[in-house]
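Participant: Before anything else, here's the structure in question.
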Amino acid sequence: MFHAAKLLVSKLGFITQTLPDIKPAYKGNKKNIDTQANGGFFLHSLYFLYKICFIQLFLLPLQRKISAHMKKNILASLAALTLLCSSTIVYAKPTNVIYLIGDGMGFGAVSSLLLTSDELTGFEMAPVIGLNETGSANNYVTDSPAGGTALATGTRTCNGFLGVGPDSVQLESILKKAQKMGKKTGIVVNTTLTEATPGAFYAGVTSRKESYKIAQQFTESGVDIAIGAGLTAFINRPDSIDMTAVLINKGYDVYLDWKQVINTQSEKFVGILQMSDVHRRNKPSTTKAGAADGAEVCLAAQLAASADDSDTTRFSEPDLYLEKASIKAIEQLSKNAPKGFFLMIESAIIDGYGHNNDAEGMVAEMQEFNRTLLALIDYVNKHPNTLLVVTADHETGGTAVSYKTHPVNQPQGMQLSFSTKGHSGTVVPIFAYGKGAEKFAGIFKNKEIPGIIESIMK
Ligand SMILES: [Zn+2]
């Protein structure tokens with residue numbers, strides 16, 4: 001009896017939280033429900049029934065003519081029916097996907113945050129955790145272009161190749177597949193828009209250095225919203241074409257200033273900002289950009305090493321960029337999106353601190369990553385039709401937490417040790433939240449991840 005009452009109260013709590021959310025979302029996506037589920041009348045009726053049940057749940061306890069036993073039975077039935085209706089309506093909403101990639105974010109980086117954080121981190125809130133075997137077609141240790149290509153297209157390619165298979169033929173990315181499903185698409189990065197990880201979702205080149213070609217391919221990508229840096233590849237080009245003008249001709253609003261980005265109501269825009277807008281290096285690195293043990297030196301390593309606190313004046317809260325840009329992109333992507341949206345977000349500079357073996361920088365970068373993650377988890381909790389997948393393209397630095405004694409319960413700093421200035425081939429974590437997250441429990445090859453997302457996105 002007590003158990004039943006407790007269950008009912010918990011369900012009532014769930015329903016009261018859910019009702020205000022269901023109504024606008026249902027109305028906003030009415031057209032989608034009609035066409036996608038081919039059951040407009042059914043869902044209209046269901047929503048009507050849901051409202052009736054919800055009101056009755058509160059009115060019934062006030063009825064005096066009904067016996068207590070009857071009330072209990074009716075209340076339980078109403079609660080079950082309301083729950084069923086609400087979950088069916090939520091299920092009918094289109095799936096949104098947020099794919100958050102921490103470049104170089106291995107277990108050492110995640111551990112450095114978990115051990116130094118007093119608050120619950122976003123990682124610890126993950127209902128589902130998996131492992132991701134990184135690796136490219138020709139090496140146990142992948143670089144960012146091949147790692148990004150596997151995560152974006154489901155194909156392992158050769159190190160150095162971006163968005164193309166080992167045969168140099170362009171592959172179809174999960175972002176392109178989302179577009180074919182009618183979803184709106186977005187890219188948010190704290191590096192250049194033409195870097196390896198974002199490029200893997202829309203470009204196809206055999207060298208990441210072809211940034212001019214990648215910028216041109218970006219203009220043909222059909223991505224609705226993109227925020228990042230890297231203006232040079234768009235305007236200062238060997239072919240003298242102004243790619244920002246090309247974007248404007250295609251109907252984009254193009255912003256070169258952070259304030260324009262954060263204040264815009266546009267649903268089709270590209271923000272191409274200064275590097276100092278999208279990433280404030282938290283402190284000057286004490287080491288030079290790492291020679292990557294045979295692999296190329298990533299741009300992130302150069303950026304992390306070129307730290308200069310004096311460049312923070314243009315943007316008062318540069319360390320909040322990734323969180324704010326991600327939420328802005330979601331706000332604009334979710335407008336007029338009857339089929340939902342797909343958003344790829346990259347936190348790129350974790351990799352740089354790994355290359356530079358900079359423990360303090362890595363911890364600070366992971367704190368920024370966590371702030372973004374918490375904001376995204378909050379969105380997923382309010383929009384349960386959203387899948388959030390968090391992983392890395394590879395580990396960088398061979399990072400580990402090293403032994404250091406301290407007085408009881410008084411940790412003093414975190415000491416990280418590094419085994420390389422390049423990438424390593426150790427597995428990286430997957431954290432999954434929201435719709436379909438349970439499919440990410442297990443050990444996967446990097447190339448399997450986009451296929452799983454696609455199966456949930458359908
Ligand atoms: Zn790297």
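Just so we're on the same page: first chain in the structure tokens is A, next is B, and so on; residues restart at 1 for each chain, and ligands are numbered from 1 in the order they show up.
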Write down as a ChimeraX atom specification the residues of region 150-360 of chain A whose backbone DSSP state falls under helix (DSSP H, G or I).
Facilitator: /A:150-153,174-180,196-199,211-219,232-235,243-249,258-263,275-278,299-305,309-312,318-333,350-355,359-360
Participant: Can you list, as number ranges by chain, every protein, DNA or RNA residue that comes within 9 Å of Ala229 (chain A) when you count only C-alpha atoms, leaving out same-chain residues fewer than 5 positions away?
Facilitator: A: 189-194, 256, 271-278
Participant: Counting only C-alpha atoms and all ligand atoms, figure out which residue out of A:Tyr212, A:Phe234, A:Tyr353, A:Phe218 gets nearest to ligand 1.
Facilitator: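 That would be A:Tyr353, the residue with the smallest distance to ligand 1.
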Participant: Which residue is closest to ligand 1? Choose from A:Asp103, A:Glu220, A:Glu331, A:Glu210 and count only C-alpha atoms and all ligand atoms.
Facilitator: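 Among the listed residues, A:Asp103 lies closest to ligand 1.
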Participant: Would you please work out which residue, of A:Ile66, A:Met181, A:Ala226, A:Leu299, is nearest to Lys339 (chain A) when using only C-alpha atoms?
Facilitator: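 Closest candidate: A:Met181.
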Participant: Give the answer as one residue: which of A:Gly436, A:Gly160, A:Gly354, A:Pro166 has the shortest atom-to-atom distance to ligand 1, using only C-alpha atoms and all ligand atoms?
Facilitator: A:Gly354
Participant: I'd like the neighbourhood of Leu115 (chain A) as a tab-separated table (two decimals) with C-alpha atoms, in the first residue's frame, where a residue qualifies if any of its atoms comes within 9 Å (using only C-alpha atoms), though same-chain residues fewer than 4 positions away should be ignored.
Facilitator:
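Once written, out.tsv looks like this:
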chain	number	residue	atom	x	y	z
A	110	VAL	CA	39.04	12.62	-17.78
A	111	SER	CA	40.74	11.36	-14.59
A	414	MET	CA	47.59	17.19	-9.66
Participant: Quick one: residues within 7 Å of Leu151 (chain A), only C-alpha atoms, excluding same-chain residues fewer than 5 positions away - as a list in words?
Facilitator: Asn446, Lys447, Ile449 and Pro450 of chain A
Participant: With C-alpha atoms retained, write the just-selected residues as a short mmCIF file (atom, residue, chain, number, x, y, z; two decimals), in the first residue's frame.
Facilitator:
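Heads up, here's the output in out18.cif:
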data_model
loop_
_atom_site.label_atom_id
_atom_site.label_comp_id
_atom_site.auth_asym_id
_atom_site.auth_seq_id
_atom_site.Cartn_x
_atom_site.Cartn_y
_atom_site.Cartn_z
CA ASN A 446 35.60 4.19 -33.62
CA LYS A 447 34.12 3.40 -37.03
CA ILE A 449 29.88 4.89 -33.65
CA PRO A 450 28.27 6.82 -36.55
#
Participant: Could you pull the residues within 8 Å of Ala325 (chain A), counting only C-alpha atoms, minus those fewer than 5 positions along the same chain, as a PyMOL selection string?
Facilitator: chain A and resi 188+227+262
Participant: So which bits of region 58-149 of chain A end up strand (DSSP E) when you DSSP the backbone, as a list in words?
Facilitator: Asn96, Val97, Ile98, Tyr99, Leu100, Ile101, Gly102, Val128, Ile129, Gly130, Leu131, Asn132 and Glu133 of chain A
Participant: Can those selected residues be exported to a file as a JSON list (two decimals), in the first residue's frame so that it contains C-alpha atoms?
Facilitator:
[["chain", "number", "residue", "atom", "x", "y", "z"],
["A", 96, "ASN", "CA", 18.00, 15.38, -32.06],
["A", 97, "VAL", "CA", 21.65, 14.35, -31.92],
["A", 98, "ILE", "CA", 24.48, 16.16, -30.16],
["A", 99, "TYR", "CA", 27.90, 14.64, -30.86],
["A", 100, "LEU", "CA", 30.49, 16.10, -28.49],
["A", 101, "ILE", "CA", 34.09, 15.22, -29.35],
["A", 102, "GLY", "CA", 37.00, 15.97, -27.05],
["A", 128, "VAL", "CA", 25.73, 4.67, -20.13],
["A", 129, "ILE", "CA", 29.48, 4.32, -20.58],
["A", 130, "GLY", "CA", 31.40, 2.50, -23.30],
["A", 131, "LEU", "CA", 34.87, 2.21, -24.74],
["A", 132, "ASN", "CA", 36.07, 3.39, -28.13],
["A", 133, "GLU", "CA", 39.01, 1.70, -29.86]]
Participant: With distances taken over only C-alpha atoms and all ligand atoms, which residue among A:Ala146, A:Val380, A:Met457, A:Val164 lies nearest ligand 1?
Facilitator: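 Answer, going by the shortest atom-to-atom distance: A:Ala146.
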